[in-house]
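Colleague: Structure: protein.txt, compact mmCIF, C-alpha atoms.
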```txt
# COMPACT_ATOMS: atom_id res chain seq x y z
CA MET N 3 45.00 -120.53 -12.98
CA VAL N 4 47.92 -118.45 -11.77
CA SER N 5 51.26 -119.53 -13.25
CA PHE N 6 53.81 -121.18 -11.01
CA TRP N 7 56.52 -118.60 -11.67
CA VAL N 8 54.23 -115.63 -11.05
CA LEU N 9 53.22 -117.18 -7.73
CA LEU N 10 56.84 -117.77 -6.80
CA LEU N 11 57.96 -114.25 -7.71
CA ILE N 12 55.09 -112.52 -5.90
CA SER N 13 55.76 -114.68 -2.85
CA LEU N 14 59.47 -113.93 -2.84
CA VAL N 15 58.90 -110.16 -2.80
CA ALA N 16 56.11 -110.46 -0.23
CA GLY N 17 58.29 -112.55 2.06
CA PHE N 18 61.15 -110.10 1.88
CA ILE N 19 59.03 -107.09 2.75
CA GLY N 20 57.17 -109.06 5.40
CA ALA N 21 60.31 -110.05 7.25
CA MET N 22 61.85 -106.58 7.06
CA SER N 23 58.79 -105.01 8.59
CA GLY N 24 57.78 -107.75 11.02
CA MET N 25 54.36 -107.75 9.38
CA GLY N 26 54.59 -111.23 7.86
CA GLY N 27 54.25 -111.67 4.11
CA GLY N 28 50.46 -111.52 3.91
CA VAL N 29 49.98 -107.78 3.69
CA VAL N 30 51.75 -107.72 0.32
CA LEU N 31 50.85 -111.25 -0.77
CA ILE N 32 47.05 -111.06 -0.61
CA PRO N 33 46.60 -107.85 -2.64
CA ALA N 34 49.11 -109.19 -5.19
CA LEU N 35 47.42 -112.60 -5.47
CA THR N 36 43.99 -111.04 -5.96
CA LEU N 37 45.49 -108.76 -8.63
CA VAL N 38 46.60 -111.80 -10.65
CA GLY N 39 43.11 -113.26 -10.40
CA MET N 40 42.95 -115.40 -7.27
CA ASP N 41 39.77 -115.39 -5.21
CA ILE N 42 40.29 -113.35 -2.03
CA LYS N 43 39.26 -116.12 0.35
CA HIS N 44 41.69 -118.57 -1.23
CA ALA N 45 44.39 -115.89 -1.20
CA ILE N 46 43.73 -115.33 2.50
CA ALA N 47 43.92 -119.06 3.24
CA ILE N 48 47.16 -119.58 1.30
CA SER N 49 48.64 -116.47 2.80
CA ILE N 50 47.99 -117.53 6.35
CA VAL N 51 49.83 -120.84 5.74
CA SER N 52 52.81 -118.97 4.32
CA VAL N 53 52.71 -116.63 7.32
CA ILE N 54 53.57 -119.64 9.49
CA ALA N 55 56.69 -120.16 7.37
CA THR N 56 57.82 -116.53 7.43
CA SER N 57 57.16 -116.14 11.09
CA SER N 58 58.85 -119.37 12.12
CA GLY N 59 61.82 -118.81 9.83
CA SER N 60 62.60 -115.31 10.99
CA ALA N 61 61.60 -115.95 14.61
CA SER N 62 64.13 -118.79 14.77
CA ALA N 63 66.91 -116.32 13.95
CA TYR N 64 65.69 -113.49 16.23
CA VAL N 65 65.14 -115.80 19.18
CA ARG N 66 68.75 -116.93 19.06
CA ASP N 67 69.96 -113.33 18.76
CA HIS N 68 68.31 -112.82 22.20
CA ILE N 69 66.14 -109.93 20.98
CA THR N 70 62.75 -111.66 21.22
CA ASN N 71 61.03 -111.60 24.61
CA LEU N 72 59.63 -115.12 24.97
CA LYS N 73 57.49 -114.39 28.02
CA VAL N 74 55.84 -111.35 26.43
CA GLY N 75 55.16 -113.52 23.38
CA MET N 76 53.78 -116.48 25.26
CA PHE N 77 51.52 -114.35 27.42
CA LEU N 78 50.07 -112.48 24.45
CA GLU N 79 49.62 -115.62 22.33
CA MET N 80 46.79 -116.71 24.58
CA PHE N 81 44.77 -113.79 23.30
CA THR N 82 45.80 -113.82 19.65
CA ILE N 83 44.93 -117.47 18.98
CA LEU N 84 41.38 -116.99 20.25
CA GLY N 85 41.11 -113.93 18.03
CA ALA N 86 42.45 -115.80 15.01
CA LEU N 87 39.95 -118.66 15.38
CA THR N 88 37.11 -116.15 15.58
CA GLY N 89 38.41 -114.10 12.66
CA ALA N 90 38.88 -117.05 10.32
CA ALA N 91 35.39 -118.33 11.11
CA ILE N 92 33.97 -114.89 10.20
CA THR N 93 35.83 -114.82 6.85
CA ILE N 94 34.43 -118.19 5.85
CA ILE N 95 30.84 -117.02 6.18
CA SER N 96 31.47 -113.44 5.00
CA SER N 97 30.94 -112.16 1.46
CA ARG N 98 33.96 -110.87 -0.49
CA ARG N 99 33.54 -107.12 -0.68
CA PRO N 100 33.69 -106.44 3.04
CA LEU N 101 36.96 -108.38 3.13
CA PHE N 102 38.54 -105.94 0.64
CA LEU N 103 37.22 -102.98 2.63
CA ILE N 104 38.38 -104.31 5.98
CA PHE N 105 41.77 -105.11 4.45
CA ALA N 106 42.07 -101.54 3.16
CA PHE N 107 40.88 -100.09 6.45
CA VAL N 108 43.40 -102.09 8.48
CA LEU N 109 46.27 -101.15 6.18
CA LEU N 110 45.41 -97.46 6.21
CA ALA N 111 44.75 -97.32 9.94
CA THR N 112 48.08 -98.97 10.58
CA TRP N 113 49.73 -96.55 8.20
CA LEU N 114 48.22 -93.56 9.95
CA ALA N 115 49.16 -94.76 13.40
CA LEU N 116 52.73 -95.50 12.37
CA PHE N 117 53.00 -92.23 10.47
CA LEU N 118 51.87 -90.10 13.41
CA GLN N 119 54.16 -91.94 15.76
CA SER N 120 57.24 -92.21 13.60
CA LYS N 121 59.13 -89.16 14.87
CA GLU N 122 59.51 -90.46 18.39
CA GLU N 123 62.40 -92.61 19.48
CA TRP N 124 61.73 -95.28 22.08
CA ARG N 125 61.63 -94.32 25.75
CA PRO N 126 61.14 -96.76 28.63
CA LEU N 127 57.83 -96.68 30.54
CA ALA N 128 57.99 -94.41 33.58
CA LYS N 129 56.20 -96.90 35.81
CA VAL N 130 55.40 -100.57 35.44
CA ASP N 131 52.18 -101.85 37.02
CA ARG N 132 52.09 -104.82 39.41
CA PHE N 133 50.34 -107.21 37.05
CA SER N 134 52.97 -106.73 34.34
CA ARG N 135 55.74 -107.08 36.90
CA TRP N 136 54.14 -110.32 38.06
CA LEU N 137 54.24 -111.52 34.45
CA GLU N 138 58.04 -111.09 34.40
CA LEU N 139 58.14 -109.02 31.23
CA ARG N 140 61.66 -107.70 31.79
CA GLY N 141 64.38 -108.09 29.24
CA SER N 142 67.51 -106.71 27.68
CA TYR N 143 69.29 -107.02 24.39
CA TYR N 144 72.34 -105.70 22.60
CA ASP N 145 71.46 -103.11 19.97
CA GLU N 146 73.87 -103.28 17.06
CA ALA N 147 72.93 -99.88 15.63
CA GLN N 148 73.34 -98.03 18.96
CA LYS N 149 76.22 -100.22 20.16
CA GLN N 150 74.80 -100.65 23.64
CA GLN N 151 72.82 -102.98 25.89
CA ILE N 152 69.16 -101.87 26.06
CA VAL N 153 67.28 -102.76 29.26
CA TYR N 154 63.49 -102.55 29.29
CA GLU N 155 60.36 -103.79 31.02
CA GLY N 156 56.97 -104.33 29.40
CA GLY N 157 53.97 -102.77 31.16
CA ARG N 158 50.17 -102.38 30.93
CA ALA N 159 49.78 -106.07 30.11
CA TYR N 160 46.18 -105.95 31.43
CA PHE N 161 45.40 -103.73 28.46
CA GLY N 162 47.84 -105.19 25.92
CA GLY N 163 46.44 -108.72 26.30
CA PRO N 164 42.83 -107.98 25.38
CA LEU N 165 43.98 -105.69 22.55
CA MET N 166 45.94 -108.64 21.21
CA PHE N 167 42.67 -110.53 20.82
CA GLY N 168 41.79 -107.83 18.29
CA ALA N 169 45.12 -108.23 16.51
CA GLY N 170 44.55 -112.00 16.35
CA LEU N 171 41.03 -111.43 15.02
CA ILE N 172 42.40 -109.29 12.19
CA ALA N 173 45.10 -111.88 11.51
CA GLY N 174 42.61 -114.74 11.21
CA LEU N 175 40.08 -112.64 9.32
CA LEU N 176 42.48 -111.34 6.67
CA GLY N 177 45.11 -114.09 6.58
CA ILE N 178 47.88 -111.71 7.50
CA GLY N 179 50.33 -111.77 10.37
CA ALA N 180 48.88 -108.46 11.56
CA GLY N 181 52.40 -107.78 12.75
CA ALA N 182 52.13 -104.03 12.32
CA LEU N 183 49.16 -104.04 14.68
CA LYS N 184 50.96 -106.23 17.19
CA VAL N 185 54.05 -104.03 16.99
CA LEU N 186 51.85 -101.02 17.62
CA ILE N 187 50.37 -102.58 20.76
CA HIS N 188 53.85 -103.54 21.98
CA ASP N 189 55.23 -100.05 21.29
CA LEU N 190 52.41 -97.79 22.40
CA VAL N 191 50.67 -99.79 25.11
CA MET N 192 53.37 -101.99 26.57
CA GLY N 193 56.38 -99.73 26.06
CA LEU N 194 58.68 -102.26 24.42
CA PRO N 195 61.62 -101.08 22.28
CA PRO N 196 60.87 -101.33 18.52
CA LYS N 197 63.24 -104.23 17.83
CA VAL N 198 61.79 -106.25 20.68
CA SER N 199 58.30 -105.42 19.37
CA THR N 200 58.96 -106.58 15.83
CA THR N 201 60.80 -109.75 16.79
CA THR N 202 58.35 -110.74 19.53
CA SER N 203 55.42 -110.10 17.22
CA ASN N 204 57.12 -112.43 14.74
CA LEU N 205 57.10 -115.21 17.29
CA ILE N 206 53.42 -114.70 18.14
CA ILE N 207 52.42 -114.55 14.48
CA GLY N 208 53.35 -118.20 13.82
CA VAL N 209 51.05 -119.64 16.45
CA THR N 210 48.30 -117.16 15.61
CA ALA N 211 48.52 -118.09 11.93
CA LEU N 212 48.34 -121.78 12.81
CA ALA N 213 45.08 -121.22 14.68
CA GLY N 214 43.66 -119.42 11.64
CA THR N 215 45.04 -122.02 9.23
CA SER N 216 43.31 -124.86 11.01
CA VAL N 217 39.95 -123.19 10.35
CA TYR N 218 40.70 -122.62 6.64
CA LEU N 219 42.07 -126.15 6.32
CA ALA N 220 38.94 -127.70 7.77
CA ALA N 221 36.83 -125.55 5.42
CA GLY N 222 38.77 -126.82 2.39
CA TYR N 223 40.30 -123.49 1.37
CA ILE N 224 43.91 -124.62 1.26
CA ASP N 225 45.17 -125.95 -2.06
CA PRO N 226 48.58 -127.61 -1.51
CA GLY N 227 49.55 -127.21 -5.17
CA LEU N 228 49.26 -123.45 -4.92
CA ALA N 229 50.45 -123.25 -1.34
CA ALA N 230 53.77 -125.02 -2.08
CA PRO N 231 55.36 -122.36 -4.33
CA VAL N 232 53.95 -119.60 -2.13
CA ILE N 233 55.46 -121.11 1.03
CA LEU N 234 58.82 -121.61 -0.67
CA GLY N 235 58.83 -118.12 -2.17
CA VAL N 236 57.72 -116.34 0.98
CA GLY N 237 60.15 -118.39 3.05
CA ALA N 238 63.12 -117.58 0.82
CA GLY N 239 62.17 -113.89 0.68
CA ALA N 240 61.81 -113.74 4.45
CA PHE N 241 65.18 -115.37 4.94
CA ILE N 242 66.84 -112.60 2.93
CA GLY N 243 64.75 -109.93 4.69
CA THR N 244 65.79 -111.16 8.13
CA LYS N 245 69.45 -110.81 7.25
CA VAL N 246 68.86 -107.17 6.32
CA LEU N 247 66.81 -106.13 9.39
CA VAL N 248 69.49 -106.72 11.98
CA ARG N 249 71.73 -104.23 10.17
CA LEU N 250 69.20 -101.41 9.80
CA THR N 251 68.19 -98.69 12.27
CA ASN N 252 64.65 -98.31 13.60
CA MET N 253 63.88 -95.22 11.55
CA ALA N 254 64.88 -96.78 8.23
CA VAL N 255 62.65 -99.80 8.86
CA ARG N 256 59.70 -97.62 9.76
CA ARG N 257 60.00 -95.36 6.73
CA PHE N 258 60.07 -98.37 4.51
CA PHE N 259 56.83 -99.89 5.76
CA LEU N 260 55.05 -96.59 5.75
CA VAL N 261 55.38 -96.36 1.96
CA VAL N 262 54.40 -100.00 1.38
CA LEU N 263 51.36 -99.80 3.65
CA LEU N 264 50.02 -96.65 2.02
CA ILE N 265 50.19 -97.97 -1.55
CA LEU N 266 48.54 -101.30 -0.69
CA GLY N 267 45.87 -99.69 1.48
CA VAL N 268 44.74 -97.33 -1.26
CA GLU N 269 44.72 -100.12 -3.82
CA MET N 270 42.54 -102.43 -1.71
CA LEU N 271 40.19 -99.56 -0.85
CA ILE N 272 39.58 -98.80 -4.54
CA ARG N 273 38.85 -102.45 -5.25
CA GLY N 274 36.52 -102.74 -2.27
CA ILE N 275 34.51 -99.70 -3.37
CA ARG N 276 34.29 -100.78 -7.01
CA GLY N 277 33.29 -104.30 -5.93
CA MET I 5 57.01 -126.77 44.74
CA ASN I 6 53.88 -125.48 46.38
CA LEU I 7 51.18 -123.78 44.40
CA LYS I 8 51.20 -120.53 46.35
CA ALA I 9 54.91 -119.93 45.97
CA CYS I 10 54.73 -120.48 42.27
CA PHE I 11 52.32 -117.59 41.82
CA LEU I 12 54.54 -115.14 43.63
CA GLU I 13 56.73 -112.84 41.66
CA GLN I 14 60.06 -114.44 40.86
CA LYS I 15 63.32 -112.63 41.38
CA GLU I 16 65.49 -112.67 38.34
CA GLY I 17 68.98 -114.01 38.87
CA ALA I 18 71.86 -115.42 36.88
CA ARG I 19 70.17 -118.83 36.81
CA ASP I 20 67.07 -117.42 35.15
CA GLN I 21 69.08 -115.69 32.49
CA LEU I 22 70.88 -118.90 31.68
CA LEU I 23 67.60 -120.84 31.54
CA GLN I 24 66.10 -118.13 29.39
CA ALA I 25 69.02 -118.30 26.96
CA ARG I 26 68.75 -122.09 26.75
CA MET I 27 65.06 -121.85 26.02
CA GLU I 28 65.74 -119.32 23.30
CA MET I 29 68.13 -121.77 21.68
CA MET I 30 65.60 -124.59 21.93
CA VAL I 31 62.76 -122.55 20.44
CA GLY I 32 65.11 -121.33 17.72
CA TYR I 33 66.13 -124.84 16.73
CA VAL I 34 62.59 -126.23 16.78
CA LEU I 35 61.41 -123.46 14.47
CA GLN I 36 64.41 -123.73 12.20
CA ALA I 37 64.20 -127.52 11.91
CA GLY I 38 60.48 -127.34 11.06
CA VAL I 39 60.94 -124.69 8.41
CA VAL I 40 63.97 -126.39 6.83
CA VAL I 41 62.38 -129.86 6.72
CA SER I 42 59.13 -128.44 5.37
CA GLY I 43 61.00 -126.42 2.73
CA LEU I 44 63.02 -129.45 1.63
CA LEU I 45 59.92 -131.63 1.32
CA LEU I 46 58.09 -128.99 -0.71
CA ALA I 47 61.09 -128.34 -2.96
CA ALA I 48 61.65 -132.09 -3.45
CA GLY I 49 57.99 -132.59 -4.31
CA LEU I 50 58.03 -129.80 -6.88
CA LEU I 51 61.32 -130.98 -8.37
CA TRP I 52 60.13 -134.57 -8.62
CA ARG I 53 56.95 -133.44 -10.27
CA PHE I 54 58.95 -131.34 -12.73
CA ILE I 55 61.29 -134.23 -13.64
CA ALA I 56 58.40 -136.67 -14.00
CA THR I 57 56.01 -134.50 -15.99
CA GLY I 58 57.77 -131.34 -17.14
CA HIS I 59 55.19 -129.23 -15.27
CA LEU I 60 55.53 -127.40 -12.01
CA GLY I 61 51.87 -126.66 -11.39
CA PHE I 62 49.86 -128.85 -9.06
CA ASP I 63 46.16 -129.17 -8.98
CA PHE I 64 44.74 -130.87 -5.98
CA THR I 65 42.67 -129.76 -3.05
CA LEU I 66 42.19 -131.18 0.36
CA SER I 67 38.46 -131.31 0.47
CA GLY I 68 37.95 -130.02 3.98
CA MET I 69 40.23 -132.20 6.06
CA ASN I 70 41.38 -131.10 9.47
CA LEU I 71 45.01 -131.55 10.41
CA TYR I 72 44.43 -134.89 12.05
CA GLU I 73 42.69 -136.34 8.98
CA PHE I 74 45.37 -134.78 6.81
CA LEU I 75 48.02 -136.58 8.88
CA VAL I 76 46.25 -139.93 8.79
CA HIS I 77 45.73 -139.58 5.04
CA ASP I 78 49.43 -138.85 4.44
CA VAL I 79 50.71 -141.65 6.63
CA HIS I 80 48.29 -144.03 4.96
CA THR I 81 49.49 -142.98 1.49
CA ALA I 82 53.12 -143.25 2.54
CA PHE I 83 52.69 -146.79 3.82
CA SER I 84 50.71 -147.96 0.82
CA GLY I 85 53.94 -147.40 -1.10
CA ALA I 86 52.56 -144.62 -3.25
CA ALA I 87 55.34 -142.11 -2.60
CA ARG I 88 54.43 -139.49 -5.17
CA PRO I 89 55.29 -135.80 -5.52
CA ARG I 90 51.86 -135.03 -4.10
CA LEU I 91 52.69 -136.87 -0.93
CA LEU I 92 55.90 -134.89 -0.45
CA ILE I 93 54.04 -131.62 -0.97
CA SER I 94 51.36 -132.49 1.52
CA LEU I 95 53.92 -133.75 4.04
CA GLY I 96 55.81 -130.46 3.60
CA ILE I 97 52.70 -128.49 4.47
CA LEU I 98 51.94 -130.82 7.34
CA VAL I 99 55.42 -130.32 8.85
CA LEU I 100 55.00 -126.57 8.53
CA LEU I 101 51.69 -126.64 10.38
CA ILE I 102 53.10 -128.79 13.13
CA THR I 103 56.14 -126.52 13.67
CA PRO I 104 54.53 -123.81 15.85
CA TYR I 105 52.53 -126.52 17.59
CA VAL I 106 55.73 -128.33 18.59
CA ARG I 107 57.25 -125.00 19.60
CA VAL I 108 54.38 -124.40 22.04
CA LEU I 109 54.53 -127.96 23.34
CA SER I 110 58.29 -127.85 23.91
CA SER I 111 58.05 -124.45 25.63
CA MET I 112 55.34 -125.78 27.89
CA VAL I 113 57.48 -128.77 28.87
CA TYR I 114 60.50 -126.50 29.38
CA PHE I 115 58.58 -124.10 31.62
CA ALA I 116 57.18 -127.02 33.62
CA VAL I 117 60.24 -129.23 33.96
CA VAL I 118 63.32 -127.04 33.67
CA GLU I 119 62.30 -123.52 34.64
CA ARG I 120 59.57 -124.67 37.04
CA ASN I 121 57.56 -121.60 36.26
CA CYS I 122 53.89 -122.45 36.90
CA LYS I 123 52.51 -119.23 35.51
CA TYR I 124 54.05 -119.78 32.14
CA THR I 125 53.40 -123.51 32.17
CA LEU I 126 49.73 -122.63 32.50
CA PHE I 127 49.89 -119.94 29.82
CA THR I 128 51.59 -122.18 27.25
CA GLY I 129 49.35 -125.07 28.33
CA PHE I 130 46.31 -122.97 27.52
CA VAL I 131 47.72 -122.12 24.08
CA PHE I 132 48.52 -125.78 23.50
CA ALA I 133 45.00 -126.86 24.46
CA VAL I 134 43.34 -124.32 22.17
CA LEU I 135 45.58 -125.28 19.24
CA THR I 136 44.90 -128.96 19.83
CA TYR I 137 41.20 -128.25 19.77
CA SER I 138 41.50 -126.22 16.57
CA LEU I 139 43.50 -128.89 14.76
CA PHE I 140 40.71 -131.39 15.38
CA LEU I 141 38.11 -128.89 14.24
CA ARG I 142 35.36 -130.21 12.06
```
Could the structure of this file be written out as structure tokens, please?
Modeller:
Amino acid sequence: MVSFWVLLLISLVAGFIGAMSGMGGGVVLIPALTLVGMDIKHAIAISIVSVIATSSGSASAYVRDHITNLKVGMFLEMFTILGALTGAAITIISSRRPLFLIFAFVLLATWLALFLQSKEEWRPLAKVDRFSRWLELRGSYYDEAQKQQIVYEGGRAYFGGPLMFGAGLIAGLLGIGAGALKVLIHDLVMGLPPKVSTTTSNLIIGVTALAGTSVYLAAGYIDPGLAAPVILGVGAGAFIGTKVLVRLTNMAVRRFFLVVLLILGVEMLIRGIRG
Amino acid sequence: MNLKACFLEQKEGARDQLLQARMEMMVGYVLQAGVVVSGLLLAAGLLWRFIATGHLGFDFTLSGMNLYEFLVHDVHTAFSGAARPRLLISLGILVLLITPYVRVLSSMVYFAVVERNCKYTLFTGFVFAVLTYSLFLR
């Protein structure tokens, strides 16, 4: 049995990092919980509940700062929830070792993609297709770091949507927000500015996590006694993390999650191989 | 409004920006209220437990209940007068789970009634339907 204070501390740190990066707390939480002896499926189930808290808490702040693009979020949610239901159902019937390996693979793949991309600053899409225009994916926000109003329009939604099913699948499967993956799709495929990507992915994560949670709940994987300190810890950590993000530049945020992703990815890979 | 017009591309004007901003406020408050209430319930449950027993750890599982059964179970316990720390904890989790659900529902209503945007009423309606299905999952 994991001690209450250990759970709370791990959750606090996980929530902080999760909010800063827009990844949700799960990416740090699950490896840490399995390290202190929790079964990976239970860690995944508890994590996905706490992801609802992180996502909702930080999304509530971002939405009112007018950075989040609600329409982009609500369009893409249709795909992520279906993915999350599928993913969670797979985890329940899967054995444990593949879960470690998939976790490691997702972390490292995300790391690589972010690493290769990290030198570029955001540029608007040259041309927006008709379908995306029809979806009204325009938006603008005031960037505090650059001291100017940024105007943008999301594109290639016909491709971004289906890819989001994959992001939702990973989220449900591994109990994480899969925010890094969602951010990647927003950035690379749909051409959204990084801050809009992270904040909009935060909004989507809550609903996606709920879809996954309902599967774990019905399967009896959620223990309220363990979930309570984790939710409180992750929530408090995320609250602090959100306050920090608005003040940082895009590059600083990216560098920070690159380091975190790499360490966790390697750790999960080793554990998956050793079994 | 007729169905054909509602699927045409809408021109963005000052009105839309205002509506958008109002919706952002609404979504923000729904999410914040859910998280705060849930956090308070969980914290109160843990605190109560600590005062009553000197322990913070809890040890109870929900043996495979879906959200609906979870809700019925909690309401039943609450009305039977057995307000225990466990009840607060499980209500806290319940409120958390319902938060994004209410966010989707309120967005759907807003898109339908205030913004009169059929596309997005349908999109959020789809999300709402899938979530409803999943919460009654067996």
Colleague: Please find the residues of chain N near chain I - the criterion being any atom within 6 Å, counting only C-alpha atoms - and write them as a list in words.
Modeller: Phe6, Ser58, Ser62, Val65, Arg66, Met80, Trp136, Val209, Ser216, Leu219, Ala220, Ala221, Gly222, Asp225 and Gly227 of chain N
Colleague: When you count all atoms listed in the file, which of these residues is closest to N:Ala115: N:Ile54, N:Leu101, N:Leu183, N:Val8?
Modeller: N:Leu183
Colleague: Record the distance separating atom CA of N:Glu269 and atom CA of N:Ile19, expressed in Å with one decimal.
Modeller: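 Distance between the two atoms: 17.2 Å.
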Colleague: Quote the spacing between atom CA of N:Val185 and atom CA of N:Ala91 in Å to one decimal place.
Modeller: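 Computed distance, atom CA of N:Val185 to atom CA of N:Ala91, equals 24.2 Å.
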Colleague: Quick one: residues within 10 Å of N:Arg125, all atoms listed in the file, excluding same-chain residues fewer than 5 positions away - as an MDAnalysis selection string?
Modeller: chainID N and resid 154 189 193:195
Colleague: Store the residues picked out above in a file with C-alpha atoms, as a PDB file, in the coordinates of the input.
Modeller:
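Heads up, here's the output in result.pdb:
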```
ATOM      1  CA  TYR N 154      63.490-102.550  29.290  1.00  0.00           C
ATOM      2  CA  ASP N 189      55.230-100.050  21.290  1.00  0.00           C
ATOM      3  CA  GLY N 193      56.380 -99.730  26.060  1.00  0.00           C
ATOM      4  CA  LEU N 194      58.680-102.260  24.420  1.00  0.00           C
ATOM      5  CA  PRO N 195      61.620-101.080  22.280  1.00  0.00           C
TER       6      PRO N 195
END
```
Colleague: Measuring atom to atom with only C-alpha atoms, identify which of I:Val113, I:Leu91, I:Val41, I:Cys122 is nearest to I:Arg53.
Modeller: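 That would be I:Leu91, the residue with the smallest distance to I:Arg53.
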